[in-house]
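What follows is a short report on a single structure.
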Amino acid sequence: MDSGRTGSGFVAALGDWRTRRGPLARALAAAVRDAVADGRLPVGTRLPAERELARTLHLSRGTVVAALSLLRADGWLHTRHGSGSALRLPARLTERTAPWSVDRGGAPDAALDLTLAVTAAPHDAYRAALARATELSAPLLVDSGVATAGLPRLRELLADRYTRAGLATRPEQILVTAGAQAALTLLLDHLHTDRRAPVVVENPAYPGALAVLRARGARLLPVPVSAADGWDTAHLTAAVRRHRPRLAYLVPDFHNPTGAHMTATTRRAVAALADRHQLTVLADETMRDLDLRTPPGIEPHLAGARVIQLGSASKTLWSGLRIGWIRATADLVRQLRLSPLQAQLAPPPLEQLIAAELLGAPFPSVLADRRARLRVQRDHLAGLLDGTGWTWTVPAGGLTLWLHLGAAGPSATDLAARAAARGLAVTPGPHFSTDRTTLGRHLRLPFTATPETLTRAVGLLRTCCTV
């Protein structure tokens with residue numbers, strides 16, 4: 001690449017970096033770091049020579065050398081004798097589960113965002129899968145690219161996973177979608193034909209699912225679930241008998257936000273209830289693989305003649321990999337493929353190839369690493385909360401702790417507002433409520449951040465409770 005073009009392109013990617021506070025060398029290093037994180041400067045970009053950079057930026061060579069030294073020390077720049085310097089991501093970012101946006105890579109003065117219960121991608125495994133998928137994409141490129149039920153290899157892989165877990169499944173029972181919310185949207189469009197009949201949902205519930213249900217005009221029939229006690233089957237049975245719903249949306253595995261995990265007995269009771277009352281149960285299994293017990297449990301899938309499973313790679317692998325699926329009867333899959341929404345809610349073929357690579361041979365080691373890291377972060381967060389006066393149940397899996405703030409002190413909404421004023425974003429309980437107002441003494445805290453960031457976050461929350 002021509003060095004002059006490299007220099008001008010490098011400078012343009014930095015934006016108005018001179019307005020940053022602090023010494024010029026630190027400001028320049030921070031601008032380069034942010035440009036790499038934002039994608040304006042690709043990883044692997046080779047930097048111009050120090051003298052050229054100094055001339056282009058109108059800086060002394062000493063300032064440029066100091067900035068590059070800061071980047072090198074922090075892992076953003078790799079220099080090889082005779083080959084120059086190239087930008088890279090530090091290992092402390094690529095080897096962690098915490099997304100960059102949570103804490104700007106651990107920057108000590110960064111605002112913290114704990115509103116999303118998501119992880120970063122398994123960096124090395126994902127890049128390797130992307131490379132393999134690209135090599136395998138040639139046959140796809142000579143076809144139409146029109147949405148199908150999913151690439152055969154991915155459907156076979158998913159069907160085999162269900163079968164090995166004790167739920168016999170054929171590939172024709174799998175429909176691949178662009179995430180679990182896409183799967184829910186497609187199923188609601190097909191099954192929720194009687195708007196007078198309510199849809200059973202847990203309270204609290206996953207906000208993404210609530211948004212989909214509300215957008216479809218569904219009347220919500222809430223049933224309680226708690227981290228400590230799980231699902232009240234007597235309450236659920238009474239609600240079904242009285243209101244005669246046709247659909248239920250449940251998260252049986254490490255429920256978001258409470259972390260509750262449905263027992264095998266409760267799963268059988270729910271399946272039997274569905275059979276007796278012609279109730280179709282949509283079982284969202286997005287969190288199922290995030291079992292943090294040692295060893296992981298062996299609870300069966302929530303399954304039965306009237307149970308449809310929804311799955312996703314978004315929580316286990318990466319939210320940016322928009323791959324979900326429906327496991328249903330082959331006849332229902334055929335019907336769903338006739339929906340005009342199906343093509344809109346299907347993922348691109350290349351993403352399916354990436355998912356097939358990740359969910360194949362690399363998956364056990366990737367999952368084991370994710371579980372180990374999340375287990376450490378969960379336990380660290382629980383330890384930080386000791387002495388706060390708040391109560392919680394340490395979840396057996398998933399990504400979040402569901403806190404009860406007690407009767408004293410600010411409400412969850414007030415606490416979230418105070419925290420936001422100090423640079424910490426958290427989500428109060430009403431966001432997970434079916435009526436958008438109750439659960440005002442609850443707060444959801446994901447443990448997807450690093451221990452250091454969780455320590456900062458809890459410290460801020462403690463401070464906010466005393467002002």
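Chain labels A, B, ... are given in the sequence in which chains occur in the structure tokens; within each chain residues are numbered consecutively from 1, and ligands are likewise numbered from 1 in the order shown.
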Practice prompt. Looking only at strand (DSSP E or B) from DSSP on the backbone, list the matching residues of stretch 409-453 of chain A as a VMD selection string.
Written response: chain A and resid 424 to 425 427 to 428 442 to 446
File dump, residues just selected, N, CA and C atoms, as a PDB file, in the first residue's frame:
```pdb
ATOM      1  N   LEU A 424     -23.331   4.559  34.982  1.00  0.00           N
ATOM      2  CA  LEU A 424     -23.638   3.128  35.001  1.00  0.00           C
ATOM      3  C   LEU A 424     -25.073   2.913  34.541  1.00  0.00           C
ATOM      4  N   ALA A 425     -25.256   2.171  33.471  1.00  0.00           N
ATOM      5  CA  ALA A 425     -26.596   1.863  32.966  1.00  0.00           C
ATOM      6  C   ALA A 425     -26.994   0.460  33.416  1.00  0.00           C
ATOM      7  N   THR A 427     -30.813  -2.075  34.279  1.00  0.00           N
ATOM      8  CA  THR A 427     -32.223  -2.190  33.900  1.00  0.00           C
ATOM      9  C   THR A 427     -33.081  -2.520  35.112  1.00  0.00           C
ATOM     10  N   PRO A 428     -34.039  -1.641  35.463  1.00  0.00           N
ATOM     11  CA  PRO A 428     -34.917  -1.896  36.612  1.00  0.00           C
ATOM     12  C   PRO A 428     -36.005  -2.910  36.279  1.00  0.00           C
ATOM     13  N   HIS A 442     -37.054  -4.681  42.032  1.00  0.00           N
ATOM     14  CA  HIS A 442     -36.120  -5.638  41.440  1.00  0.00           C
ATOM     15  C   HIS A 442     -35.192  -4.949  40.451  1.00  0.00           C
ATOM     16  N   LEU A 443     -34.020  -5.548  40.308  1.00  0.00           N
ATOM     17  CA  LEU A 443     -33.005  -5.041  39.383  1.00  0.00           C
ATOM     18  C   LEU A 443     -32.313  -6.252  38.757  1.00  0.00           C
ATOM     19  N   ARG A 444     -32.087  -6.188  37.437  1.00  0.00           N
ATOM     20  CA  ARG A 444     -31.353  -7.272  36.779  1.00  0.00           C
ATOM     21  C   ARG A 444     -29.907  -6.855  36.576  1.00  0.00           C
ATOM     22  N   LEU A 445     -28.987  -7.711  37.016  1.00  0.00           N
ATOM     23  CA  LEU A 445     -27.562  -7.469  36.811  1.00  0.00           C
ATOM     24  C   LEU A 445     -26.961  -8.637  36.032  1.00  0.00           C
ATOM     25  N   PRO A 446     -26.558  -8.425  34.785  1.00  0.00           N
ATOM     26  CA  PRO A 446     -25.841  -9.476  34.057  1.00  0.00           C
ATOM     27  C   PRO A 446     -24.443  -9.676  34.638  1.00  0.00           C
TER      28      PRO A 446
END
```
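Residues in contact range of A:Phe447, defined as at most 8 Å between only C-alpha atoms, with sequence neighbours fewer than 3 positions away removed, read Ala117, Leu374, Gln377, Arg378, Leu381, Leu399, Thr400, Leu401, Thr450 and Leu454 of chain A.
Atom to atom, atom CA of A:Pro347 and atom CA of A:Ala361 stand 21.7 Å apart.
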Item to complete: Apply DSSP to the backbone of this structure and, from stretch 188-385 of chain A, keep only the residues in helix (DSSP H, G or I); write these as a PyMOL selection string.
Response: chain A and resi 188-191+207-215+233-243+264-276+330-337+349-359+363-385
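Counting from atom CA of A:Ala382, the distance to atom CA of A:Asp232 is 25.7 Å.
The coordinates place atom CA of A:Thr329 at 15.7 Å from atom CA of A:Ala271.
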Fill in: All residues 9 Å or closer to A:Leu384, only C-alpha atoms, same chain fewer than 5 positions away omitted, as a PyMOL selection string
chain A and resi 379+454-455+458-459
Item to complete: Choose the residue, out of A:Leu114, A:Ile298, A:Gly75, A:Ala209, that has the smallest atom-to-atom separation from A:Ala416; count only C-alpha atoms.
Response: A:Leu114
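Among the candidate residues A:Pro295, A:Gly179, A:Gly383, A:Pro430, the one lying nearest to A:Arg322 is A:Gly179, with distances computed using only C-alpha atoms.
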Discussion item. Give me the residues near stretch 243-252 of chain A as a ChimeraX atom specification, where near means some atom within 10 Å (using only C-alpha atoms) and where sequence neighbours in that chain fewer than 2 positions away do not count.
Written reply: /A:184,188,191-194,196-202,205-206,209-210,213,219-223,230-231,238-241,254-257,259-263,266-267,274,277-288,301-302,306-310
For the interface of stretch 47-73 of chain A with stretch 10-31 of chain A (cut-off 6 Å, counting only C-alpha atoms), please tabulate each contacting residue of stretch 47-73 of chain A alongside its nearest pair of atoms and their separation in Å to one decimal, rows sorted by chain and increasing number, as CSV.
```
residue,atom,partner,partner_atom,distance
A:Thr63,CA,A:Ala25,CA,5.3
A:Ala66,CA,A:Ala25,CA,5.8
A:Ala67,CA,A:Ala25,CA,4.4
A:Leu71,CA,A:Ala29,CA,5.9
```
Quick one: write out the picked residues with C-alpha atoms as a PDB file, in the first residue's frame?
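Result saved to out.pdb:
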```
ATOM      1  CA  THR A  63       4.963  12.783  20.653  1.00  0.00           C
ATOM      2  CA  ALA A  66       5.210   8.226  22.914  1.00  0.00           C
ATOM      3  CA  ALA A  67       1.729   7.543  21.514  1.00  0.00           C
ATOM      4  CA  LEU A  71      -0.471   1.558  22.141  1.00  0.00           C
TER       5      LEU A  71
END
```
Worksheet item: Contacts of A:Tyr162 at 12 Å or less, counting only C-alpha atoms, minus same-chain residues fewer than 3 places along, as an MDAnalysis selection string?
Response: chainID A and resid 155:159 165:171 173:174 285 288 300:303 309:311 325:328
Could you dump the residues just selected with C-alpha atoms as an mmCIF file, in the first residue's frame?
```cif
data_model
loop_
_atom_site.group_PDB
_atom_site.id
_atom_site.type_symbol
_atom_site.label_atom_id
_atom_site.label_comp_id
_atom_site.auth_asym_id
_atom_site.auth_seq_id
_atom_site.Cartn_x
_atom_site.Cartn_y
_atom_site.Cartn_z
ATOM 1 C CA ARG A 155 -30.452 -28.613 10.023
ATOM 2 C CA GLU A 156 -28.810 -32.035 10.322
ATOM 3 C CA LEU A 157 -26.459 -30.766 13.007
ATOM 4 C CA LEU A 158 -29.291 -29.219 15.050
ATOM 5 C CA ALA A 159 -31.485 -32.305 14.675
ATOM 6 C CA ALA A 165 -30.158 -35.020 24.204
ATOM 7 C CA GLY A 166 -33.015 -37.554 24.212
ATOM 8 C CA LEU A 167 -35.494 -35.796 21.928
ATOM 9 C CA ALA A 168 -35.548 -37.718 18.637
ATOM 10 C CA THR A 169 -35.538 -35.205 15.792
ATOM 11 C CA ARG A 170 -35.235 -35.367 12.002
ATOM 12 C CA PRO A 171 -33.744 -32.519 9.916
ATOM 13 C CA GLN A 173 -38.361 -30.860 11.846
ATOM 14 C CA ILE A 174 -35.921 -27.927 11.965
ATOM 15 C CA GLU A 285 -34.316 -22.703 24.994
ATOM 16 C CA ARG A 288 -30.166 -24.007 27.724
ATOM 17 C CA PRO A 300 -34.830 -33.216 29.625
ATOM 18 C CA HIS A 301 -36.130 -30.744 27.114
ATOM 19 C CA LEU A 302 -39.586 -29.374 27.842
ATOM 20 C CA ALA A 303 -41.271 -31.582 25.258
ATOM 21 C CA GLN A 309 -38.837 -25.651 20.915
ATOM 22 C CA LEU A 310 -37.112 -22.387 19.998
ATOM 23 C CA GLY A 311 -33.334 -22.174 20.033
ATOM 24 C CA TRP A 325 -34.290 -22.216 14.933
ATOM 25 C CA ILE A 326 -37.657 -23.837 15.473
ATOM 26 C CA ARG A 327 -37.970 -27.519 16.328
ATOM 27 C CA ALA A 328 -41.520 -28.668 15.552
#
```
